[in-house]
Structures are given as C-alpha cells and as structure tokens.
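start.json follows (JSON, C-alpha atoms):
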[["chain", "number", "residue", "atom", "x", "y", "z"],
["A", 1223, "MET", "CA", -25.23, -91.15, 182.69],
["A", 1224, "SER", "CA", -26.35, -92.26, 186.11],
["A", 1225, "ALA", "CA", -23.74, -93.66, 188.47],
["A", 1226, "ILE", "CA", -26.44, -95.92, 189.92],
["A", 1227, "THR", "CA", -27.92, -97.18, 186.66],
["A", 1228, "PRO", "CA", -25.46, -96.71, 183.78],
["A", 1229, "LEU", "CA", -27.06, -96.26, 180.37],
["A", 1230, "VAL", "CA", -27.37, -99.53, 178.44],
["A", 1231, "SER", "CA", -27.50, -99.43, 174.63],
["A", 1232, "ILE", "CA", -29.56, -102.22, 173.08],
["A", 1233, "LEU", "CA", -28.40, -102.52, 169.48],
["A", 1234, "ILE", "CA", -30.77, -103.97, 166.86],
["A", 1235, "PRO", "CA", -29.41, -104.33, 163.31],
["A", 1236, "THR", "CA", -32.30, -105.32, 161.05],
["A", 1237, "TYR", "CA", -33.17, -106.32, 157.51],
["A", 1238, "ASN", "CA", -36.64, -106.96, 156.04],
["A", 1239, "ARG", "CA", -38.13, -108.65, 159.12],
["A", 1240, "PRO", "CA", -40.64, -106.17, 160.59],
["A", 1241, "HIS", "CA", -42.80, -108.89, 162.16],
["A", 1242, "TYR", "CA", -39.90, -110.38, 164.11],
["A", 1243, "LEU", "CA", -38.39, -106.94, 164.75],
["A", 1244, "GLU", "CA", -41.58, -105.79, 166.46],
["A", 1245, "GLN", "CA", -41.35, -108.69, 168.88],
["A", 1246, "ALA", "CA", -37.64, -108.04, 169.52],
["A", 1247, "LEU", "CA", -38.33, -104.35, 170.06],
["A", 1248, "ARG", "CA", -41.14, -105.04, 172.50],
["A", 1249, "SER", "CA", -38.85, -107.36, 174.46],
["A", 1250, "ALA", "CA", -36.28, -104.55, 174.68],
["A", 1251, "LEU", "CA", -38.89, -102.05, 175.82],
["A", 1252, "ALA", "CA", -40.13, -104.52, 178.45],
["A", 1253, "GLN", "CA", -36.79, -104.53, 180.29],
["A", 1254, "THR", "CA", -37.03, -103.98, 184.03],
["A", 1255, "TYR", "CA", -33.70, -102.14, 183.92],
["A", 1256, "PRO", "CA", -34.67, -98.45, 184.00],
["A", 1257, "ASN", "CA", -32.01, -96.74, 181.87],
["A", 1258, "ILE", "CA", -31.83, -97.98, 178.29],
["A", 1259, "GLU", "CA", -31.62, -96.62, 174.77],
["A", 1260, "ILE", "CA", -32.50, -98.67, 171.70],
["A", 1261, "ILE", "CA", -30.54, -98.23, 168.47],
["A", 1262, "ILE", "CA", -32.10, -99.65, 165.28],
["A", 1263, "SER", "CA", -30.03, -99.64, 162.09],
["A", 1264, "ASP", "CA", -32.14, -100.70, 159.11],
["A", 1265, "ASN", "CA", -30.79, -102.35, 155.96],
["A", 1266, "SER", "CA", -34.27, -103.06, 154.56],
["A", 1267, "ASP", "CA", -35.09, -102.48, 150.90],
["A", 1268, "ASN", "CA", -38.62, -101.28, 151.70],
["A", 1269, "ASP", "CA", -40.25, -98.93, 154.21],
["A", 1270, "HIS", "CA", -42.18, -101.47, 156.31],
["A", 1271, "THR", "CA", -39.69, -101.37, 159.18],
["A", 1272, "GLN", "CA", -39.53, -97.59, 159.06],
["A", 1273, "HIS", "CA", -43.32, -97.36, 159.43],
["A", 1274, "LEU", "CA", -43.24, -99.81, 162.33],
["A", 1275, "VAL", "CA", -40.58, -97.89, 164.23],
["A", 1276, "HIS", "CA", -42.33, -94.57, 163.49],
["A", 1277, "HIS", "CA", -45.44, -96.01, 165.16],
["A", 1278, "PHE", "CA", -43.47, -96.69, 168.34],
["A", 1279, "GLN", "CA", -41.71, -93.33, 168.25],
["A", 1280, "SER", "CA", -44.57, -91.01, 167.32],
["A", 1281, "GLU", "CA", -47.88, -92.68, 168.06],
["A", 1282, "LEU", "CA", -46.73, -94.39, 171.25],
["A", 1283, "GLY", "CA", -44.40, -91.54, 172.23],
["A", 1284, "ILE", "CA", -41.38, -93.72, 172.99],
["A", 1285, "SER", "CA", -38.33, -91.45, 172.96],
["A", 1286, "SER", "CA", -35.70, -94.06, 173.85],
["A", 1287, "ILE", "CA", -35.60, -95.43, 170.27],
["A", 1288, "ARG", "CA", -33.07, -94.07, 167.78],
["A", 1289, "TYR", "CA", -33.67, -95.23, 164.23],
["A", 1290, "VAL", "CA", -31.42, -94.99, 161.17],
["A", 1291, "LYS", "CA", -32.54, -96.08, 157.69],
["A", 1292, "ASN", "CA", -29.56, -96.89, 155.49],
["A", 1293, "LYS", "CA", -29.75, -95.53, 151.95],
["A", 1294, "ARG", "CA", -28.48, -98.89, 150.72],
["A", 1295, "ASN", "CA", -27.92, -102.31, 152.21],
["A", 1296, "ILE", "CA", -24.49, -101.99, 153.83],
["A", 1297, "GLY", "CA", -24.34, -105.68, 154.81],
["A", 1298, "PRO", "CA", -24.86, -107.34, 158.20],
["A", 1299, "VAL", "CA", -21.42, -106.72, 159.71],
["A", 1300, "ALA", "CA", -21.31, -103.05, 158.71],
["A", 1301, "ASN", "CA", -24.82, -102.69, 160.10],
["A", 1302, "GLN", "CA", -23.67, -104.12, 163.43],
["A", 1303, "LEU", "CA", -20.71, -101.73, 163.47],
["A", 1304, "GLN", "CA", -22.97, -98.77, 162.73],
["A", 1305, "CYS", "CA", -25.16, -99.68, 165.69],
["A", 1306, "MET", "CA", -22.05, -99.66, 167.88],
["A", 1307, "ARG", "CA", -20.94, -96.24, 166.59],
["A", 1308, "LEU", "CA", -24.35, -94.79, 167.38],
["A", 1309, "ALA", "CA", -24.43, -96.21, 170.91],
["A", 1310, "SER", "CA", -24.15, -93.75, 173.79],
["A", 1311, "GLY", "CA", -24.41, -96.28, 176.59],
["A", 1312, "GLU", "CA", -21.68, -97.35, 178.97],
["A", 1313, "TYR", "CA", -22.92, -100.93, 178.57],
["A", 1314, "VAL", "CA", -23.89, -102.58, 175.27],
["A", 1315, "ASN", "CA", -25.99, -105.59, 174.32],
["A", 1316, "TYR", "CA", -26.88, -106.59, 170.77],
["A", 1317, "LEU", "CA", -30.36, -107.91, 170.08],
["A", 1318, "MET", "CA", -30.67, -109.66, 166.72],
["A", 1319, "ASP", "CA", -33.94, -108.69, 165.05],
["A", 1320, "ASP", "CA", -35.44, -112.18, 165.28],
["A", 1321, "ASP", "CA", -34.37, -112.87, 168.89],
["A", 1322, "LEU", "CA", -35.94, -111.89, 172.21],
["A", 1323, "PHE", "CA", -34.79, -110.67, 175.63],
["A", 1324, "ASP", "CA", -36.19, -111.96, 178.89],
["A", 1325, "PRO", "CA", -37.63, -108.92, 180.75],
["A", 1326, "VAL", "CA", -34.97, -109.14, 183.49],
["A", 1327, "LYS", "CA", -31.98, -109.81, 181.20],
["A", 1328, "ILE", "CA", -30.29, -106.43, 181.43],
["A", 1329, "GLU", "CA", -31.10, -105.97, 185.12],
["A", 1330, "ARG", "CA", -29.69, -109.40, 186.00],
["A", 1331, "MET", "CA", -26.52, -108.90, 183.97],
["A", 1332, "ALA", "CA", -25.69, -105.24, 184.56],
["A", 1333, "VAL", "CA", -25.13, -105.76, 188.27],
["A", 1334, "TYR", "CA", -21.98, -107.81, 187.57],
["A", 1335, "LEU", "CA", -20.41, -105.14, 185.37],
["A", 1336, "LYS", "CA", -21.20, -102.49, 187.99],
["A", 1337, "ARG", "CA", -19.88, -104.46, 190.98],
["A", 1338, "PHE", "CA", -16.87, -106.18, 189.42],
["A", 1339, "PRO", "CA", -14.52, -104.01, 187.32],
["A", 1340, "GLY", "CA", -12.53, -107.11, 186.30],
["A", 1341, "VAL", "CA", -15.55, -108.68, 184.59],
["A", 1342, "THR", "CA", -15.67, -107.75, 180.89],
["A", 1343, "LEU", "CA", -18.46, -110.04, 179.65],
["A", 1344, "VAL", "CA", -21.70, -111.40, 181.09],
["A", 1345, "SER", "CA", -23.62, -114.13, 179.26],
["A", 1346, "SER", "CA", -26.18, -116.84, 179.93],
["A", 1347, "ARG", "CA", -27.95, -119.84, 178.51],
["A", 1348, "LYS", "CA", -30.71, -119.20, 176.00],
["A", 1349, "SER", "CA", -34.03, -120.66, 174.96],
["A", 1350, "ILE", "CA", -34.41, -121.92, 171.42],
["A", 1351, "ILE", "CA", -37.79, -120.81, 170.05],
["A", 1352, "ASP", "CA", -39.69, -121.47, 166.84],
["A", 1353, "ARG", "CA", -41.64, -119.06, 164.63],
["A", 1354, "ALA", "CA", -44.55, -119.12, 167.09],
["A", 1355, "ASN", "CA", -42.31, -118.33, 170.11],
["A", 1356, "ARG", "CA", -42.61, -121.87, 171.44],
["A", 1357, "VAL", "CA", -39.55, -122.99, 173.40],
["A", 1358, "THR", "CA", -38.14, -126.11, 171.79],
["A", 1359, "GLN", "CA", -35.05, -126.53, 173.98],
["A", 1360, "LEU", "CA", -32.59, -124.81, 176.27],
["A", 1361, "SER", "CA", -29.09, -124.27, 174.92],
["A", 1362, "PRO", "CA", -26.36, -125.18, 175.43],
["A", 1363, "ASP", "CA", -26.87, -128.47, 177.21],
["A", 1364, "THR", "CA", -23.64, -127.95, 179.10],
["A", 1365, "VAL", "CA", -20.76, -125.51, 179.30],
["A", 1366, "PRO", "CA", -17.42, -126.91, 180.53],
["A", 1367, "PHE", "CA", -16.58, -123.84, 182.58],
["A", 1368, "ALA", "CA", -20.06, -123.24, 184.07],
["A", 1369, "ASN", "CA", -21.71, -124.69, 187.16],
["A", 1370, "PHE", "CA", -25.20, -125.67, 186.02],
["A", 1371, "ASN", "CA", -26.18, -126.46, 189.60],
["A", 1372, "GLY", "CA", -25.56, -122.90, 190.72],
["A", 1373, "TYR", "CA", -26.82, -119.40, 190.05],
["A", 1374, "GLU", "CA", -23.83, -118.06, 188.17],
["A", 1375, "THR", "CA", -20.18, -118.89, 187.55],
["A", 1376, "PHE", "CA", -17.22, -116.53, 187.60],
["A", 1377, "VAL", "CA", -14.64, -117.72, 185.08],
["A", 1378, "SER", "CA", -11.16, -116.51, 184.24],
["A", 1379, "GLY", "CA", -11.32, -114.89, 180.81],
["A", 1380, "ARG", "CA", -8.25, -116.76, 179.64],
["A", 1381, "ALA", "CA", -9.66, -120.10, 180.82],
["A", 1382, "ALA", "CA", -12.93, -119.47, 178.96],
["A", 1383, "MET", "CA", -11.00, -118.51, 175.83],
["A", 1384, "ALA", "CA", -8.86, -121.64, 175.95],
["A", 1385, "THR", "CA", -11.90, -123.88, 176.33],
["A", 1386, "MET", "CA", -13.72, -122.35, 173.37],
["A", 1387, "LEU", "CA", -10.63, -122.46, 171.16],
["A", 1388, "ARG", "CA", -9.77, -126.05, 172.02],
["A", 1389, "ASP", "CA", -13.37, -127.24, 171.45],
["A", 1390, "ARG", "CA", -14.07, -124.82, 168.57],
["A", 1391, "ILE", "CA", -17.45, -124.12, 170.18],
["A", 1392, "ASN", "CA", -19.00, -120.74, 170.92],
["A", 1393, "TYR", "CA", -20.08, -121.47, 174.48],
["A", 1394, "ILE", "CA", -20.87, -117.78, 175.10],
["A", 1395, "GLY", "CA", -23.61, -117.63, 172.48],
["A", 1396, "GLU", "CA", -24.78, -115.39, 169.68],
["A", 1397, "PRO", "CA", -24.52, -111.57, 169.90],
["A", 1398, "THR", "CA", -27.90, -111.38, 171.68],
["A", 1399, "THR", "CA", -26.56, -113.26, 174.70],
["A", 1400, "GLY", "CA", -23.71, -111.00, 175.85],
["A", 1401, "LEU", "CA", -23.64, -107.74, 177.82],
["A", 1402, "PHE", "CA", -20.37, -105.79, 178.01],
["A", 1403, "ARG", "CA", -18.88, -102.34, 178.55],
["A", 1404, "LYS", "CA", -18.40, -100.43, 175.34],
["A", 1405, "ALA", "CA", -15.01, -99.22, 176.62],
["A", 1406, "ASP", "CA", -13.78, -102.79, 177.07],
["A", 1407, "LEU", "CA", -14.16, -103.60, 173.39],
["A", 1408, "ALA", "CA", -10.66, -102.60, 172.31],
["A", 1409, "GLU", "CA", -11.25, -103.59, 168.67],
["A", 1410, "PRO", "CA", -14.23, -103.28, 166.31],
["A", 1411, "PHE", "CA", -16.99, -105.85, 166.71],
["A", 1412, "GLY", "CA", -15.91, -109.00, 164.88],
["A", 1413, "VAL", "CA", -12.13, -108.42, 165.17],
["A", 1414, "PHE", "CA", -9.65, -110.38, 167.31],
["A", 1415, "TYR", "CA", -6.03, -109.19, 167.54],
["A", 1416, "GLY", "CA", -6.42, -107.17, 164.35],
["A", 1417, "ARG", "CA", -7.88, -110.03, 162.30],
["A", 1418, "LYS", "CA", -11.44, -109.52, 161.03],
["A", 1419, "ALA", "CA", -13.56, -112.66, 161.16],
["A", 1420, "PHE", "CA", -15.36, -114.01, 158.11],
["A", 1421, "ASN", "CA", -18.15, -115.79, 160.01],
["A", 1422, "ASN", "CA", -17.25, -115.92, 163.71],
["A", 1423, "VAL", "CA", -17.85, -112.22, 164.40],
["A", 1424, "ASP", "CA", -19.39, -112.97, 167.79],
["A", 1425, "VAL", "CA", -16.59, -115.36, 168.78],
["A", 1426, "ALA", "CA", -13.93, -112.82, 167.75],
["A", 1427, "THR", "CA", -15.62, -110.22, 169.96],
["A", 1428, "TRP", "CA", -15.99, -112.55, 172.94],
["A", 1429, "LEU", "CA", -12.30, -113.50, 172.65],
["A", 1430, "THR", "CA", -11.31, -109.83, 172.56],
["A", 1431, "LEU", "CA", -13.33, -109.08, 175.69],
["A", 1432, "LEU", "CA", -12.11, -112.18, 177.53],
["A", 1433, "SER", "CA", -8.50, -111.32, 176.74],
["A", 1434, "ARG", "CA", -9.03, -108.18, 178.86],
["A", 1435, "GLY", "CA", -11.02, -109.58, 181.79],
["A", 1436, "ASP", "CA", -13.25, -112.27, 183.19],
["A", 1437, "LEU", "CA", -16.61, -113.85, 182.40],
["A", 1438, "VAL", "CA", -19.79, -114.25, 184.42],
["A", 1439, "TYR", "CA", -21.98, -117.04, 183.05],
["A", 1440, "ILE", "CA", -25.58, -117.21, 184.28],
["A", 1441, "THR", "CA", -27.24, -120.61, 183.96],
["A", 1442, "ASP", "CA", -30.81, -119.28, 183.67],
["A", 1443, "PRO", "CA", -31.87, -118.61, 180.05],
["A", 1444, "LEU", "CA", -32.13, -114.82, 179.70],
["A", 1445, "SER", "CA", -32.62, -114.56, 175.94],
["A", 1446, "SER", "CA", -34.33, -116.49, 173.17],
["A", 1447, "PHE", "CA", -32.73, -117.48, 169.88],
["A", 1448, "ARG", "CA", -35.20, -118.06, 167.09],
["A", 1449, "ARG", "CA", -34.80, -120.79, 164.50],
["A", 1450, "HIS", "CA", -36.76, -120.30, 161.29],
["A", 1451, "SER", "CA", -36.59, -120.89, 157.56],
["A", 1452, "THR", "CA", -35.40, -117.40, 156.58],
["A", 1453, "GLN", "CA", -32.09, -117.70, 158.42],
["A", 1454, "ILE", "CA", -28.90, -118.02, 156.41],
["A", 1455, "SER", "CA", -28.17, -121.70, 155.78],
["A", 1456, "VAL", "CA", -24.83, -123.32, 156.53],
["A", 1457, "SER", "CA", -23.28, -123.34, 153.05],
["A", 1458, "PRO", "CA", -19.85, -124.76, 152.11],
["A", 1459, "LEU", "CA", -18.60, -121.18, 151.73],
["A", 1460, "SER", "CA", -19.72, -120.26, 155.23],
["A", 1461, "GLN", "CA", -18.21, -123.47, 156.61],
["A", 1462, "MET", "CA", -14.87, -122.57, 154.99],
["A", 1463, "GLY", "CA", -15.09, -119.09, 156.44],
["A", 1464, "GLU", "CA", -15.82, -120.54, 159.86],
["A", 1465, "ILE", "CA", -12.90, -122.98, 159.83],
["A", 1466, "CYS", "CA", -10.57, -120.21, 158.63],
["A", 1467, "ASP", "CA", -11.77, -118.09, 161.53],
["A", 1468, "TRP", "CA", -11.07, -120.85, 164.05],
["A", 1469, "VAL", "CA", -7.59, -121.33, 162.58],
["A", 1470, "ASP", "CA", -6.97, -117.58, 162.90],
["A", 1471, "HIS", "CA", -8.25, -117.47, 166.48],
["A", 1472, "ILE", "CA", -6.13, -120.47, 167.50],
["A", 1473, "LEU", "CA", -2.96, -119.24, 165.77],
["A", 1474, "LEU", "CA", -3.30, -115.76, 167.27],
["A", 1475, "ALA", "CA", -3.97, -117.20, 170.72],
["A", 1476, "THR", "CA", -0.92, -119.46, 170.33],
["A", 1477, "HIS", "CA", 1.41, -116.66, 169.25],
["A", 1478, "THR", "CA", 0.25, -114.40, 172.10],
["A", 1479, "GLY", "CA", 0.63, -117.12, 174.73],
["A", 1480, "ILE", "CA", -3.07, -117.45, 175.52],
["A", 1481, "LEU", "CA", -2.96, -121.09, 174.41],
["A", 1482, "PRO", "CA", 0.07, -122.82, 175.92],
["A", 1483, "GLN", "CA", 1.58, -125.46, 173.63],
["A", 1484, "ASP", "CA", 0.67, -128.39, 175.86],
["A", 1485, "GLU", "CA", -1.05, -131.73, 175.23],
["A", 1486, "GLU", "CA", -4.47, -130.11, 174.85],
["A", 1487, "TRP", "CA", -3.03, -127.67, 172.31],
["A", 1488, "VAL", "CA", -1.63, -130.59, 170.32],
["A", 1489, "ARG", "CA", -5.10, -132.17, 170.30],
["A", 1490, "THR", "CA", -6.52, -128.85, 169.12],
["A", 1491, "ILE", "CA", -4.15, -128.75, 166.12],
["A", 1492, "LEU", "CA", -4.85, -132.39, 165.31],
["A", 1493, "ALA", "CA", -8.60, -131.72, 165.33],
["A", 1494, "LEU", "CA", -8.08, -128.84, 162.90],
["A", 1495, "LYS", "CA", -6.08, -131.19, 160.68],
["A", 1496, "VAL", "CA", -8.92, -133.70, 160.53],
["A", 1497, "VAL", "CA", -11.41, -131.05, 159.38],
["A", 1498, "ALA", "CA", -8.98, -129.57, 156.87],
["A", 1499, "VAL", "CA", -7.94, -132.84, 155.28],
["A", 1500, "ASN", "CA", -11.39, -134.45, 155.24],
["A", 1501, "GLN", "CA", -13.63, -131.49, 154.40],
["A", 1502, "PHE", "CA", -11.81, -128.77, 152.56],
["A", 1503, "PRO", "CA", -11.22, -130.49, 149.20],
["A", 1504, "MET", "CA", -14.97, -131.14, 148.96],
["A", 1505, "TRP", "CA", -15.89, -127.59, 150.00],
["A", 1506, "ASN", "CA", -13.29, -126.21, 147.60],
["A", 1507, "ALA", "CA", -14.85, -128.06, 144.66],
["A", 1508, "GLN", "CA", -18.38, -127.04, 145.64],
["A", 1509, "THR", "CA", -17.47, -123.34, 145.77],
["A", 1510, "HIS", "CA", -15.19, -123.26, 142.70],
["A", 1511, "ARG", "CA", -12.12, -122.51, 144.86],
["A", 1512, "LEU", "CA", -13.47, -119.16, 146.10],
["A", 1513, "PHE", "CA", -11.76, -119.60, 149.48],
["A", 1514, "ASN", "CA", -8.65, -121.32, 148.21],
["A", 1515, "HIS", "CA", -6.17, -118.47, 148.84],
["A", 1516, "GLU", "CA", -7.43, -117.82, 152.37],
["A", 1517, "PHE", "CA", -7.33, -121.50, 153.23],
["A", 1518, "VAL", "CA", -3.87, -122.13, 151.75],
["A", 1519, "SER", "CA", -2.33, -119.31, 153.79],
["A", 1520, "ARG", "CA", -3.71, -120.74, 157.01],
["A", 1521, "ILE", "CA", -2.74, -124.35, 156.27],
["A", 1522, "THR", "CA", 0.76, -123.11, 155.48],
["A", 1523, "GLN", "CA", 0.97, -121.52, 158.94],
["A", 1524, "LEU", "CA", -0.27, -124.70, 160.59],
["A", 1525, "ALA", "CA", 2.29, -126.77, 158.68],
["A", 1526, "GLU", "CA", 5.05, -124.43, 159.89],
["A", 1527, "ILE", "CA", 3.93, -124.81, 163.52],
["A", 1528, "CYS", "CA", 3.83, -128.59, 163.18],
["A", 1529, "ALA", "CA", 7.36, -128.66, 161.73],
["A", 1530, "VAL", "CA", 8.87, -127.43, 165.01],
["A", 1531, "ASN", "CA", 6.81, -129.64, 167.34],
["A", 1532, "ALA", "CA", 7.87, -133.28, 167.64],
["A", 1533, "ASN", "CA", 4.34, -134.37, 168.50],
["A", 1534, "LEU", "CA", 2.96, -132.86, 165.30],
["A", 1535, "HIS", "CA", 5.44, -133.95, 162.62],
["A", 1536, "ALA", "CA", 2.97, -136.43, 161.10],
["A", 1537, "ALA", "CA", 0.22, -133.81, 161.07],
["A", 1538, "GLY", "CA", 2.62, -131.39, 159.39],
["A", 1539, "GLN", "CA", 3.22, -133.90, 156.63],
["A", 1540, "GLU", "CA", -0.54, -134.27, 156.10],
["A", 1541, "PHE", "CA", -0.92, -130.48, 155.93],
["A", 1542, "ARG", "CA", 1.86, -130.27, 153.34],
["A", 1543, "GLU", "CA", 0.31, -133.08, 151.31],
["A", 1544, "LEU", "CA", -3.01, -131.25, 151.41],
["A", 1545, "LEU", "CA", -1.30, -128.12, 150.09],
["A", 1546, "ARG", "CA", 0.14, -130.10, 147.19],
["A", 1547, "ARG", "CA", -3.30, -131.46, 146.31],
["A", 1548, "ILE", "CA", -5.15, -128.13, 146.31]]

What's the structure tokens form of this structure?
Amino acid sequence: MSAITPLVSILIPTYNRPHYLEQALRSALAQTYPNIEIIISDNSDNDHTQHLVHHFQSELGISSIRYVKNKRNIGPVANQLQCMRLASGEYVNYLMDDDLFDPVKIERMAVYLKRFPGVTLVSSRKSIIDRANRVTQLSPDTVPFANFNGYETFVSGRAAMATMLRDRINYIGEPTTGLFRKADLAEPFGVFYGRKAFNNVDVATWLTLLSRGDLVYITDPLSSFRRHSTQISVSPLSQMGEICDWVDHILLATHTGILPQDEEWVRTILALKVVAVNQFPMWNAQTHRLFNHEFVSRITQLAEICAVNANLHAAGQEFRELLRRI
C-alpha cells in the first residue's frame, strides 16, 4: 500500500445485468486515481457476466479485477458483505452494478480521507440517469447540512446523523455515493449498533461511520444512479422493513444519546406515529401479517418511550390503541 496513494477497493456486487455491469466496470477502470482494485462478486444464474469479466481480465489484460462467481445466489446483502471481505484496500467504495462513477470521483474524495483523520465518510450529489445514460435530474435538490453554493461542506458526524434520523431521509445517498476507510467500519455493512437493517443497509452503514467521525459532502455530482424497470419496486413489505429500520435507528440513537430528547426529537416520534397509525394496518393486510411481529415489538418500544415523556402521552395512547387493533 502506498503512503501517497492508498489502495482503494471498488466493490461491485452483481446479478444478471452484464450490460449495465460492463458500463459500471468501465467507469471504475476510467478513474483518474492511480491505485485501485475492483472486486466483483457475482450472484448470476448464468455465465454471461463471467464471460464479460474474463474478456476484461484475459483479452484486455486488466489485472486489477478480482472476480468471484458464487455457486448459488447468496442474496444481495450477503453479496455486498462478501465484496467487503475480499477487499484489500485501505479505502472502500461500493459501485452498484447499474450505477456509474464520474472519472474523478475517487481522486476527488480520497484526498479528504488522507488529509483529515477525523473524517470517516465522503459523499456527494449524484446524477439520475435513464437506461440510455441520459441525465434526467441532479439529486438531492437540497441537503440541510450542505452548502450548495460552495465546493464542499465539512459536517459534524453527529449533526449529520441527527438530521437524517429526524427527517427519515438518506441524504448521503446509495452505496455508490460514499467513500470510507475500511477500518472505520466497526460493524458489518448494513448494521448499526448491532442491529441489522432490513432495507436501510446503506443508512445503517452511514450512521455507523458518522458515529465515529465527520462527513465531507461535495456538491458536485460524482456518481450516477440509474433508474430503470428492472429495479426492485417499493412493495408494502419493503415499506414495512424500511419503517422498522427507521424506528430501530431512532431508538438506538436515542438510547445512546446521539438524539437528545428535545423538541425536534418529539417531532420525530410524532412523525413516526403518523406513519405507523395511518399506513401499517393497510400494509399488514396486504402482506398477510408477515411483518407483524417485528412491527409490534418496535411500536411497543415507542409506546414505552412516550409513557415517560409528558409531551408524548397522547402519541403513546395512539401507539397502544394501534397495538390493540393489530
């Protein structure tokens, strides 16, 4: 590992998308940063991706690619974790197989990790692209803790965490957006304070990193997130998993003192109550109560918190009424 240019591992978990993977891979190989390795972990049920990667490795002579073909589909989260286990780099950046990197992404971001030991995560805005790589918008439109009139913003990790938890919005972005030190990820990807996320695996990881240090947010879009018809749709089951994840994140941040129990925290709990009371009974019926146990345990915890806070007694009663109904 070079002290001047630490090795960066670009991690690409993939499944049955060789056309998009080729574009993602080319964007990784086009990086201006000189010291990278590319890890591809393949869940595909055919050999199309294997043939594609073999072309890059053998016919084009690219030695920086390490490819693993799983004997069976181990699932998306396990595939992400396998990429991490295989990574040798000091710095790590995921690249989802249908996304793209800007050529200067790693070079622009790595400098902050090298110069500032207290920074544990570097992210940026992204371009939203369609199937033909046309940019349809820049996202997000705004980030409460970022200065969109400047080049970059240094943000306290705890302040960034609190903003995301209170708004229940992943302002950092999908896994493709963030560069971090492998050593700073104290828990497996997708875990926050020992709790494995159902849906919010990226949020859980960002929260873990930000609990240990600070954020640099770059306002230029340095990656592209592709929207297309083969992406997983937002089903009632995934929506239940997501709300359970946000409840977990907020409860854990409350118990550890990351979220002080102030007026904004009260508004955060009240916003959770609105979603729970208005949406969950419908989702529960649509999914034949598949998430009922997980949801009940979390609503019970929220009701207990409300019982000891004078500003939340009414919300606590609504939580308890919801528990009686489900």

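Closest approach to A:Leu1322 among A:Glu1516, A:Glu1281, A:Asp1470, A:Glu1244: A:Glu1244, based on only C-alpha atoms.
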
- Provide the atom CA of A:Gly1400 to atom CA of A:Thr1385 distance in Å, to one decimal place.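 Calculated distance between atom CA of A:Gly1400 and atom CA of A:Thr1385 is 17.5 Å.
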
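Using all atoms listed in the file, the protein and nucleic acid residues lying no more than 8 Å from A:Tyr1415, apart from those fewer than 2 places from it along its own chain, are Glu1409, Val1413, Arg1417, Thr1430 and Leu1474 of chain A.
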
- Query: For A:Ala1309, which residue out of A:Gln1245, A:Ser1263, A:Asn1268, A:Asn1531 is the nearest one, using all atoms listed in the file?
  - Reply: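 With all atoms listed in the file as the atom set, the closest residue is A:Ser1263.
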
- Between A:Ser1266, A:Ser1361, A:Leu1233, A:Glu1259, which is the closest to A:Leu1303 once you count all atoms listed in the file?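 Looking at the shortest contact to A:Leu1303, the residue is A:Leu1233.
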
How would stretch 1236-1248 of chain A look with N, CA, C and O atoms restored, written as a PDB file, in the frame of the given file?
ATOM      1  N   THR A1236     -31.139-104.615 161.606  1.00  0.00           N
ATOM      2  CA  THR A1236     -32.300-105.320 161.050  1.00  0.00           C
ATOM      3  C   THR A1236     -32.307-105.267 159.536  1.00  0.00           C
ATOM      4  O   THR A1236     -31.702-104.382 158.918  1.00  0.00           O
ATOM      5  N   TYR A1237     -33.040-106.237 158.962  1.00  0.00           N
ATOM      6  CA  TYR A1237     -33.170-106.320 157.510  1.00  0.00           C
ATOM      7  C   TYR A1237     -34.441-107.085 157.139  1.00  0.00           C
ATOM      8  O   TYR A1237     -34.523-108.301 157.356  1.00  0.00           O
ATOM      9  N   ASN A1238     -35.437-106.366 156.649  1.00  0.00           N
ATOM     10  CA  ASN A1238     -36.640-106.960 156.040  1.00  0.00           C
ATOM     11  C   ASN A1238     -37.357-107.978 156.917  1.00  0.00           C
ATOM     12  O   ASN A1238     -37.884-108.972 156.414  1.00  0.00           O
ATOM     13  N   ARG A1239     -37.390-107.728 158.247  1.00  0.00           N
ATOM     14  CA  ARG A1239     -38.130-108.650 159.120  1.00  0.00           C
ATOM     15  C   ARG A1239     -38.965-107.859 160.122  1.00  0.00           C
ATOM     16  O   ARG A1239     -38.796-108.006 161.334  1.00  0.00           O
ATOM     17  N   PRO A1240     -39.897-107.018 159.644  1.00  0.00           N
ATOM     18  CA  PRO A1240     -40.640-106.170 160.590  1.00  0.00           C
ATOM     19  C   PRO A1240     -41.455-106.958 161.606  1.00  0.00           C
ATOM     20  O   PRO A1240     -41.607-106.505 162.750  1.00  0.00           O
ATOM     21  N   HIS A1241     -41.991-108.119 161.219  1.00  0.00           N
ATOM     22  CA  HIS A1241     -42.800-108.890 162.160  1.00  0.00           C
ATOM     23  C   HIS A1241     -41.953-109.361 163.343  1.00  0.00           C
ATOM     24  O   HIS A1241     -42.340-109.200 164.515  1.00  0.00           O
ATOM     25  N   TYR A1242     -40.788-109.941 163.051  1.00  0.00           N
ATOM     26  CA  TYR A1242     -39.900-110.380 164.110  1.00  0.00           C
ATOM     27  C   TYR A1242     -39.307-109.178 164.853  1.00  0.00           C
ATOM     28  O   TYR A1242     -39.149-109.203 166.076  1.00  0.00           O
ATOM     29  N   LEU A1243     -38.971-108.127 164.109  1.00  0.00           N
ATOM     30  CA  LEU A1243     -38.390-106.940 164.750  1.00  0.00           C
ATOM     31  C   LEU A1243     -39.348-106.364 165.797  1.00  0.00           C
ATOM     32  O   LEU A1243     -38.916-105.953 166.883  1.00  0.00           O
ATOM     33  N   GLU A1244     -40.630-106.328 165.483  1.00  0.00           N
ATOM     34  CA  GLU A1244     -41.580-105.790 166.460  1.00  0.00           C
ATOM     35  C   GLU A1244     -41.527-106.569 167.762  1.00  0.00           C
ATOM     36  O   GLU A1244     -41.548-105.988 168.859  1.00  0.00           O
ATOM     37  N   GLN A1245     -41.424-107.890 167.664  1.00  0.00           N
ATOM     38  CA  GLN A1245     -41.350-108.690 168.880  1.00  0.00           C
ATOM     39  C   GLN A1245     -40.032-108.444 169.630  1.00  0.00           C
ATOM     40  O   GLN A1245     -40.020-108.357 170.866  1.00  0.00           O
ATOM     41  N   ALA A1246     -38.923-108.334 168.884  1.00  0.00           N
ATOM     42  CA  ALA A1246     -37.640-108.040 169.520  1.00  0.00           C
ATOM     43  C   ALA A1246     -37.682-106.682 170.202  1.00  0.00           C
ATOM     44  O   ALA A1246     -37.220-106.532 171.351  1.00  0.00           O
ATOM     45  N   LEU A1247     -38.248-105.697 169.510  1.00  0.00           N
ATOM     46  CA  LEU A1247     -38.330-104.350 170.060  1.00  0.00           C
ATOM     47  C   LEU A1247     -39.185-104.318 171.323  1.00  0.00           C
ATOM     48  O   LEU A1247     -38.826-103.681 172.322  1.00  0.00           O
ATOM     49  N   ARG A1248     -40.295-105.009 171.305  1.00  0.00           N
ATOM     50  CA  ARG A1248     -41.140-105.040 172.500  1.00  0.00           C
ATOM     51  C   ARG A1248     -40.414-105.704 173.672  1.00  0.00           C
ATOM     52  O   ARG A1248     -40.586-105.289 174.828  1.00  0.00           O
TER      53      ARG A1248
END
